[in-house]
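final_1.cif (mmCIF, C-alpha atoms)
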data_model
#
loop_
_atom_site.label_atom_id
_atom_site.label_comp_id
_atom_site.auth_asym_id
_atom_site.auth_seq_id
_atom_site.Cartn_x
_atom_site.Cartn_y
_atom_site.Cartn_z
CA ASN A 289 -12.69 25.57 -8.13
CA ARG A 290 -12.00 27.50 -4.97
CA LEU A 291 -12.08 31.26 -5.43
CA CYS A 292 -11.19 32.18 -1.84
CA PRO A 293 -7.71 31.48 -0.48
CA ALA A 294 -7.51 28.48 1.84
CA PRO A 295 -7.24 29.73 5.44
CA ILE A 296 -4.02 29.16 7.31
CA ALA A 297 -4.74 27.38 10.59
CA ALA A 298 -3.09 28.12 13.93
CA VAL A 299 -0.46 30.53 12.76
CA PRO A 300 1.30 33.36 14.62
CA THR A 301 0.36 36.96 13.86
CA PRO A 302 3.20 37.54 11.33
CA ALA A 303 1.82 34.75 9.13
CA LEU A 304 -1.74 36.11 8.92
CA GLN A 305 -3.00 36.16 5.37
CA GLU A 306 -3.15 39.58 3.76
CA LEU A 307 -6.68 40.94 3.80
CA SER A 308 -6.21 41.93 0.17
CA THR A 309 -6.47 38.22 -0.72
CA LEU A 310 -10.16 38.41 0.21
CA GLU A 311 -10.81 40.07 -3.13
CA GLN A 312 -10.94 36.54 -4.55
CA CYS A 313 -13.95 35.79 -2.31
CA THR A 314 -15.95 38.72 -3.63
CA GLN A 315 -16.16 36.97 -7.01
CA HIS A 316 -18.63 34.41 -5.60
CA ALA A 317 -22.19 35.21 -6.67
CA ASP A 318 -23.64 33.42 -3.64
CA ILE A 319 -23.31 35.28 -0.32
CA SER A 320 -22.93 32.06 1.68
CA GLU A 321 -19.93 31.11 -0.45
CA ARG A 322 -18.43 34.56 0.02
CA VAL A 323 -18.90 34.63 3.78
CA SER A 324 -17.73 31.07 4.39
CA GLY A 325 -14.59 31.90 2.42
CA TYR A 326 -13.58 35.16 4.04
CA ARG A 327 -14.93 34.55 7.54
CA PRO A 328 -12.02 32.47 8.93
CA ILE A 329 -9.47 34.95 7.61
CA LEU A 330 -11.30 37.93 9.08
CA GLU A 331 -11.79 36.19 12.41
CA ALA A 332 -8.09 35.33 12.62
CA HIS A 333 -7.20 38.98 12.06
CA LEU A 334 -9.73 40.16 14.64
CA SER A 335 -8.42 37.77 17.28
CA ALA A 336 -4.83 38.75 16.64
CA ARG A 337 -5.13 42.48 16.04
CA GLY A 338 -8.41 43.80 17.44
CA PRO A 339 -11.27 45.61 15.67
CA ARG A 340 -9.70 49.04 15.21
CA ALA A 341 -6.76 47.81 13.12
CA VAL A 342 -8.78 45.36 11.02
CA LEU A 343 -11.53 47.88 10.27
CA ALA A 344 -8.95 50.49 9.31
CA ASP A 345 -7.42 48.04 6.85
CA LEU A 346 -10.82 47.20 5.34
CA ASP A 347 -11.59 50.89 4.99
CA GLY A 348 -8.31 51.41 3.15
CA LEU A 349 -8.98 48.46 0.88
CA GLN A 350 -12.46 49.67 -0.07
CA ALA A 351 -11.02 53.10 -0.89
CA ARG A 352 -8.38 51.60 -3.18
CA THR A 353 -10.18 48.59 -4.67
CA ALA A 354 -13.65 48.70 -6.21
CA ALA A 355 -14.24 45.01 -5.45
CA PHE A 356 -14.10 45.70 -1.73
CA ALA A 357 -16.43 48.70 -1.76
CA GLY A 358 -19.54 46.56 -2.22
CA HIS A 359 -18.53 43.91 0.31
CA CYS A 360 -16.90 45.86 3.15
CA HIS A 361 -20.20 46.10 5.04
CA ASP A 362 -20.73 42.33 4.97
CA MET A 363 -17.15 41.76 6.10
CA ALA A 364 -17.54 44.18 8.98
CA HIS A 365 -20.78 42.40 9.97
CA VAL A 366 -18.80 39.17 10.28
CA LEU A 367 -16.28 40.90 12.55
CA GLY A 368 -18.99 42.35 14.80
CA ARG A 369 -20.86 39.07 15.20
CA PHE A 370 -17.65 37.20 15.94
CA TRP A 371 -16.54 39.80 18.52
CA VAL A 372 -19.67 39.13 20.59
CA ALA A 373 -19.73 35.39 19.88
CA LYS A 374 -16.23 34.92 21.27
CA GLY A 375 -17.19 36.58 24.54
CA GLU A 376 -15.60 40.01 24.20
CA ALA A 377 -17.26 42.88 26.09
CA VAL A 378 -19.71 44.70 23.86
CA GLY A 379 -18.82 48.01 25.48
CA LYS A 380 -15.19 47.45 24.55
CA GLY A 381 -16.27 46.72 20.98
CA PHE A 382 -18.10 50.04 20.72
CA ALA A 383 -15.09 51.80 22.19
CA GLU A 384 -12.52 50.12 19.93
CA GLY A 385 -14.56 49.68 16.74
CA SER A 386 -15.55 52.31 14.22
CA ASN A 387 -18.36 53.17 11.82
CA VAL A 388 -16.38 52.44 8.64
CA CYS A 389 -17.96 50.14 6.06
CA HIS A 390 -21.36 51.69 6.81
CA SER A 391 -21.17 50.76 10.51
CA GLY A 392 -21.12 47.05 9.69
CA PHE A 393 -19.09 46.14 12.79
CA PHE A 394 -21.62 47.81 15.09
CA HIS A 395 -24.53 46.25 13.16
CA GLY A 396 -22.97 42.82 13.52
CA MET A 397 -22.47 43.22 17.27
CA VAL A 398 -26.05 44.35 17.80
CA GLU A 399 -27.39 41.54 15.61
CA ARG A 400 -25.54 39.02 17.74
CA MET A 401 -26.82 40.70 20.90
CA LEU A 402 -30.34 40.47 19.48
CA GLY A 403 -29.94 36.71 19.15
CA ASP A 404 -28.62 36.06 15.64
CA ASP A 405 -27.22 32.52 15.82
CA ASP A 406 -24.11 33.50 13.84
CA ARG A 407 -24.47 30.72 11.32
CA ASP A 408 -21.96 29.99 8.60
CA SER A 409 -24.63 30.18 5.92
CA GLY A 410 -23.94 33.77 4.99
CA GLU A 411 -26.41 36.61 5.35
CA PRO A 412 -27.75 36.85 8.91
CA ARG A 413 -31.40 36.13 9.60
CA HIS A 414 -33.08 39.46 10.22
CA ALA A 415 -35.42 39.57 13.19
CA SER A 416 -39.09 40.44 12.69
CA PRO A 417 -40.53 43.67 14.16
CA ASP A 418 -42.11 41.72 17.03
CA GLU A 419 -38.84 39.92 17.75
CA LEU A 420 -36.97 43.23 17.77
CA ARG A 421 -39.45 44.83 20.17
CA ALA A 422 -39.12 41.85 22.50
CA LYS A 423 -35.31 41.83 22.49
CA ILE A 424 -34.38 45.51 22.35
CA PRO A 425 -35.04 46.28 26.05
CA GLY A 426 -32.30 43.81 27.03
CA VAL A 427 -29.50 45.28 24.91
CA CYS A 428 -27.35 48.35 25.51
CA THR A 429 -27.87 48.08 29.27
CA PRO A 430 -24.90 48.51 31.62
CA ALA A 431 -25.05 44.78 32.38
CA SER A 432 -25.04 43.70 28.72
CA LEU A 433 -22.29 46.18 27.85
CA GLY A 434 -20.10 45.49 30.85
CA SER A 435 -19.81 49.25 31.33
CA GLU A 436 -21.56 52.06 33.20
CA SER A 437 -20.21 54.68 30.77
CA GLN A 438 -22.93 56.90 29.35
CA ASN A 439 -20.81 57.46 26.24
CA ILE A 440 -20.58 53.71 25.62
CA ARG A 441 -24.32 53.37 26.19
CA PHE A 442 -24.98 56.17 23.68
CA GLN A 443 -22.75 54.51 21.08
CA CYS A 444 -24.60 51.23 21.60
CA LEU A 445 -28.05 52.84 21.39
CA HIS A 446 -27.00 54.79 18.30
CA GLY A 447 -25.67 51.56 16.77
CA LEU A 448 -28.93 49.88 17.76
CA GLY A 449 -30.85 52.47 15.75
CA HIS A 450 -28.64 51.77 12.72
CA ALA A 451 -29.23 48.03 13.11
CA VAL A 452 -32.99 48.39 13.60
CA ALA A 453 -33.41 50.51 10.45
CA PHE A 454 -31.23 48.14 8.42
CA THR A 455 -32.99 45.04 9.78
CA LEU A 456 -36.45 46.46 9.04
CA GLY A 457 -35.56 47.20 5.44
CA TYR A 458 -35.27 50.98 5.87
CA ARG A 459 -38.91 51.35 6.92
CA LEU A 460 -38.05 54.44 8.93
CA PRO A 461 -41.42 55.04 10.67
CA LEU A 462 -41.42 51.42 11.86
CA ALA A 463 -37.80 51.72 12.98
CA LEU A 464 -38.59 54.83 15.03
CA GLU A 465 -41.62 53.11 16.58
CA THR A 466 -39.36 50.19 17.47
CA CYS A 467 -36.92 52.54 19.20
CA ASP A 468 -39.84 53.68 21.37
CA VAL A 469 -39.64 50.46 23.40
CA ARG A 470 -36.52 51.88 25.07
CA SER A 471 -37.19 53.45 28.44
CA GLY A 472 -36.90 57.22 28.68
CA SER A 473 -36.50 60.01 26.15
CA TRP A 474 -32.68 59.93 26.16
CA GLU A 475 -32.51 56.24 25.21
CA GLN A 476 -35.22 56.66 22.60
CA ALA A 477 -33.58 59.74 21.06
CA SER A 478 -30.19 57.99 20.92
CA CYS A 479 -31.81 55.12 19.00
CA TYR A 480 -33.74 57.53 16.73
CA GLY A 481 -30.51 59.24 15.72
CA GLY A 482 -28.96 55.98 14.55
CA ALA A 483 -32.09 54.99 12.62
CA VAL A 484 -32.28 58.34 10.85
CA MET A 485 -28.55 58.31 10.04
CA GLU A 486 -28.85 54.79 8.62
CA ASN A 487 -31.73 55.95 6.44
CA ILE A 488 -29.60 58.82 5.11
CA ASN A 489 -26.25 57.06 4.70
CA GLY A 490 -27.25 53.39 4.52
CA ILE A 491 -25.57 50.91 2.23
CA ASP A 492 -28.85 49.96 0.49
CA GLN A 493 -29.35 53.21 -1.39
CA GLU A 494 -32.46 52.06 -3.25
CA ARG A 495 -34.47 51.17 -0.13
CA ARG A 496 -33.88 54.33 1.89
CA MET A 497 -36.88 56.57 2.60
CA VAL A 498 -35.50 59.71 0.93
CA ARG A 499 -36.59 61.78 -2.05
CA ALA A 500 -34.62 63.60 -4.70
CA GLY A 501 -33.75 67.01 -3.32
CA ASP A 502 -33.81 65.97 0.35
CA ALA A 503 -30.93 67.62 2.19
#

Could you rewrite the structure in this file as structure tokens?
Amino acid sequence: NRLCPAPIAAVPTPALQELSTLEQCTQHADISERVSGYRPILEAHLSARGPRAVLADLDGLQARTAAFAGHCHDMAHVLGRFWVAKGEAVGKGFAEGSNVCHSGFFHGMVERMLGDDDRDSGEPRHASPDELRAKIPGVCTPASLGSESQNIRFQCLHGLGHAVAFTLGYRLPLALETCDVRSGSWEQASCYGGAVMENINGIDQERRMVRAGDA
């Protein structure tokens, strides 16, 4: 019994399936079933319409439909990983994406940059602290971003901080130590800001390092 709608193959933009049909996928208890169901539909929309439009639609859906609110982050992760996997410039992704769905698109891009193999099996494999420290110096560089823009570099480093905190299970001190492998105080501070923001606003509310009454 298939819960997700069957993807339409090789269709022009006007025939793209409505993203609202993905609500059927959220009924799967297993994340691999959910992701394998909605991934081809999301990827078709991203290829045809770009990240800004697709993320805006997901943000609207999560505001209107409770079923999407808990899955928007995972869906945005899929979009970010696919953006990098299909060879698009990471700098362009940071410029055209957005932080809706708890910055899932940016997290997905950084995960792919950090070497996630983008499997179909669902939830991405999170790198260990040692793996992160080894890989982080090679991301968010002008060469990896395809851009010399300081603003694009800041957005990437800020997104990196979000991804590091999320990947390390909201262990904020460890995330900040991991950001320290970046060269120079500006790069480190840009990464710190993302890690701290993720700890405050992150999707996994129970794991954040905050106390009642923290402002």

* To do: Write out as a VMD selection string the residues lying within 6 Å of range 369-372 of chain A, counting all atoms listed in the file and excluding same-chain residues fewer than 4 positions away.
  => chain A and resid 376 396 to 397 400

* I need the residue set behind the PyMOL selection byres ((chain A and resi 307-310) around 12) for this file; please write it as a ChimeraX atom specification. => /A:291-295,303-306,311-316,322-334,341-350,352-356,359-360,363

* **Polymer residues at most 6 Å from (-30.8, 52.9, 15.9) by all atoms listed in the file, as JSON, numbers by chain** => {"A": [446, 447, 448, 449, 450, 451, 452, 479, 480, 482, 483]}

* What separation in Å, quoted to one decimal, exists between CA of Leu420 in chain A and CA of Phe382 in chain A? ->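 Atom-to-atom, CA of Leu420 in chain A to CA of Phe382 in chain A, that is 20.3 Å.
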
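Residues matched by the PyMOL selection byres ((chain A and resi 418) around 12) in this structure: His414, Ala415, Ser416, Pro417, Glu419, Leu420, Arg421, Ala422, Lys423, Ile424, Val452, Leu456, Leu462, Ala463, Glu465, Thr466 and Val469 of chain A.
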
* Asked: With all atoms listed in the file as the atoms that count, which of A:Ser473, A:Leu433, A:Ser335, A:His390 lies nearest to Met485 in chain A?
  ->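 Of all the options, A:His390 lies closest to Met485 in chain A.
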
* Interatomic distance (Å, one decimal) between CA of Ala373 in chain A and CA of Arg441 in chain A ->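 For CA of Ala373 in chain A relative to CA of Arg441 in chain A, the distance reads 19.6 Å.
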
* Asked: Mind pulling up the distance from CA of Gly368 in chain A to CA of His395 in chain A?
  ->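 Taking CA of His395 in chain A and CA of Gly368 in chain A, their separation equals 7.0 Å.
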
* To do: Dump as a PyMOL selection string all residues having an atom at most 7 Å from (-18.2, 50.8, 25.5), computed in the file's coordinates with all atoms listed in the file.
  => chain A and resi 378-383+433+435+437+440-441

When you get a chance, write out all heavy atoms for range 444-455 of chain A, as a short mmCIF file (atom, residue, chain, number, x, y, z; two decimals), keeping the file's coordinate frame.
data_model
loop_
_atom_site.label_atom_id
_atom_site.label_comp_id
_atom_site.auth_asym_id
_atom_site.auth_seq_id
_atom_site.Cartn_x
_atom_site.Cartn_y
_atom_site.Cartn_z
N CYS A 444 -23.84 52.46 21.81
CA CYS A 444 -24.60 51.23 21.60
C CYS A 444 -26.02 51.54 21.13
O CYS A 444 -26.51 50.93 20.17
CB CYS A 444 -24.64 50.41 22.89
SG CYS A 444 -25.48 48.82 22.71
N LEU A 445 -26.68 52.49 21.78
CA LEU A 445 -28.05 52.84 21.39
C LEU A 445 -28.09 53.43 19.98
O LEU A 445 -29.02 53.16 19.21
CB LEU A 445 -28.64 53.82 22.40
CG LEU A 445 -28.95 53.22 23.77
CD1 LEU A 445 -29.14 54.34 24.80
CD2 LEU A 445 -30.18 52.33 23.72
N HIS A 446 -27.09 54.24 19.66
CA HIS A 446 -27.00 54.79 18.30
C HIS A 446 -26.78 53.64 17.30
O HIS A 446 -27.44 53.60 16.25
CB HIS A 446 -25.84 55.79 18.24
CG HIS A 446 -25.71 56.47 16.91
ND1 HIS A 446 -26.48 57.55 16.54
CD2 HIS A 446 -24.88 56.21 15.85
CE1 HIS A 446 -26.14 57.93 15.32
NE2 HIS A 446 -25.17 57.14 14.88
N GLY A 447 -25.88 52.72 17.63
CA GLY A 447 -25.67 51.56 16.77
C GLY A 447 -26.92 50.70 16.67
O GLY A 447 -27.21 50.12 15.62
N LEU A 448 -27.67 50.62 17.77
CA LEU A 448 -28.93 49.88 17.76
C LEU A 448 -29.89 50.49 16.75
O LEU A 448 -30.55 49.77 15.98
CB LEU A 448 -29.54 49.90 19.16
CG LEU A 448 -30.91 49.26 19.32
CD1 LEU A 448 -30.86 47.77 19.02
CD2 LEU A 448 -31.44 49.50 20.72
N GLY A 449 -29.98 51.82 16.72
CA GLY A 449 -30.85 52.47 15.75
C GLY A 449 -30.46 52.15 14.32
O GLY A 449 -31.31 51.88 13.47
N HIS A 450 -29.13 52.17 14.05
CA HIS A 450 -28.64 51.77 12.72
C HIS A 450 -29.12 50.35 12.40
O HIS A 450 -29.63 50.08 11.31
CB HIS A 450 -27.11 51.81 12.69
CG HIS A 450 -26.52 53.15 12.40
ND1 HIS A 450 -26.33 53.61 11.12
CD2 HIS A 450 -26.06 54.12 13.23
CE1 HIS A 450 -25.77 54.81 11.16
NE2 HIS A 450 -25.60 55.14 12.44
N ALA A 451 -28.91 49.44 13.35
CA ALA A 451 -29.23 48.03 13.11
C ALA A 451 -30.72 47.82 12.93
O ALA A 451 -31.16 47.01 12.10
CB ALA A 451 -28.71 47.17 14.26
N VAL A 452 -31.54 48.53 13.70
CA VAL A 452 -32.99 48.39 13.60
C VAL A 452 -33.47 48.85 12.22
O VAL A 452 -34.25 48.16 11.55
CB VAL A 452 -33.69 49.19 14.72
CG1 VAL A 452 -35.18 49.33 14.43
CG2 VAL A 452 -33.48 48.49 16.06
N ALA A 453 -32.99 50.02 11.77
CA ALA A 453 -33.41 50.51 10.45
C ALA A 453 -32.98 49.56 9.34
O ALA A 453 -33.75 49.26 8.42
CB ALA A 453 -32.84 51.91 10.21
N PHE A 454 -31.74 49.07 9.43
CA PHE A 454 -31.23 48.14 8.42
C PHE A 454 -32.03 46.84 8.43
O PHE A 454 -32.43 46.33 7.39
CB PHE A 454 -29.76 47.88 8.70
CG PHE A 454 -29.11 46.89 7.78
CD1 PHE A 454 -28.74 47.24 6.49
CD2 PHE A 454 -28.86 45.58 8.19
CE1 PHE A 454 -28.13 46.33 5.64
CE2 PHE A 454 -28.26 44.67 7.35
CZ PHE A 454 -27.89 45.05 6.07
N THR A 455 -32.29 46.32 9.65
CA THR A 455 -32.99 45.04 9.78
C THR A 455 -34.42 45.13 9.27
O THR A 455 -34.95 44.18 8.68
CB THR A 455 -32.99 44.61 11.26
OG1 THR A 455 -31.64 44.39 11.68
CG2 THR A 455 -33.78 43.31 11.46
#
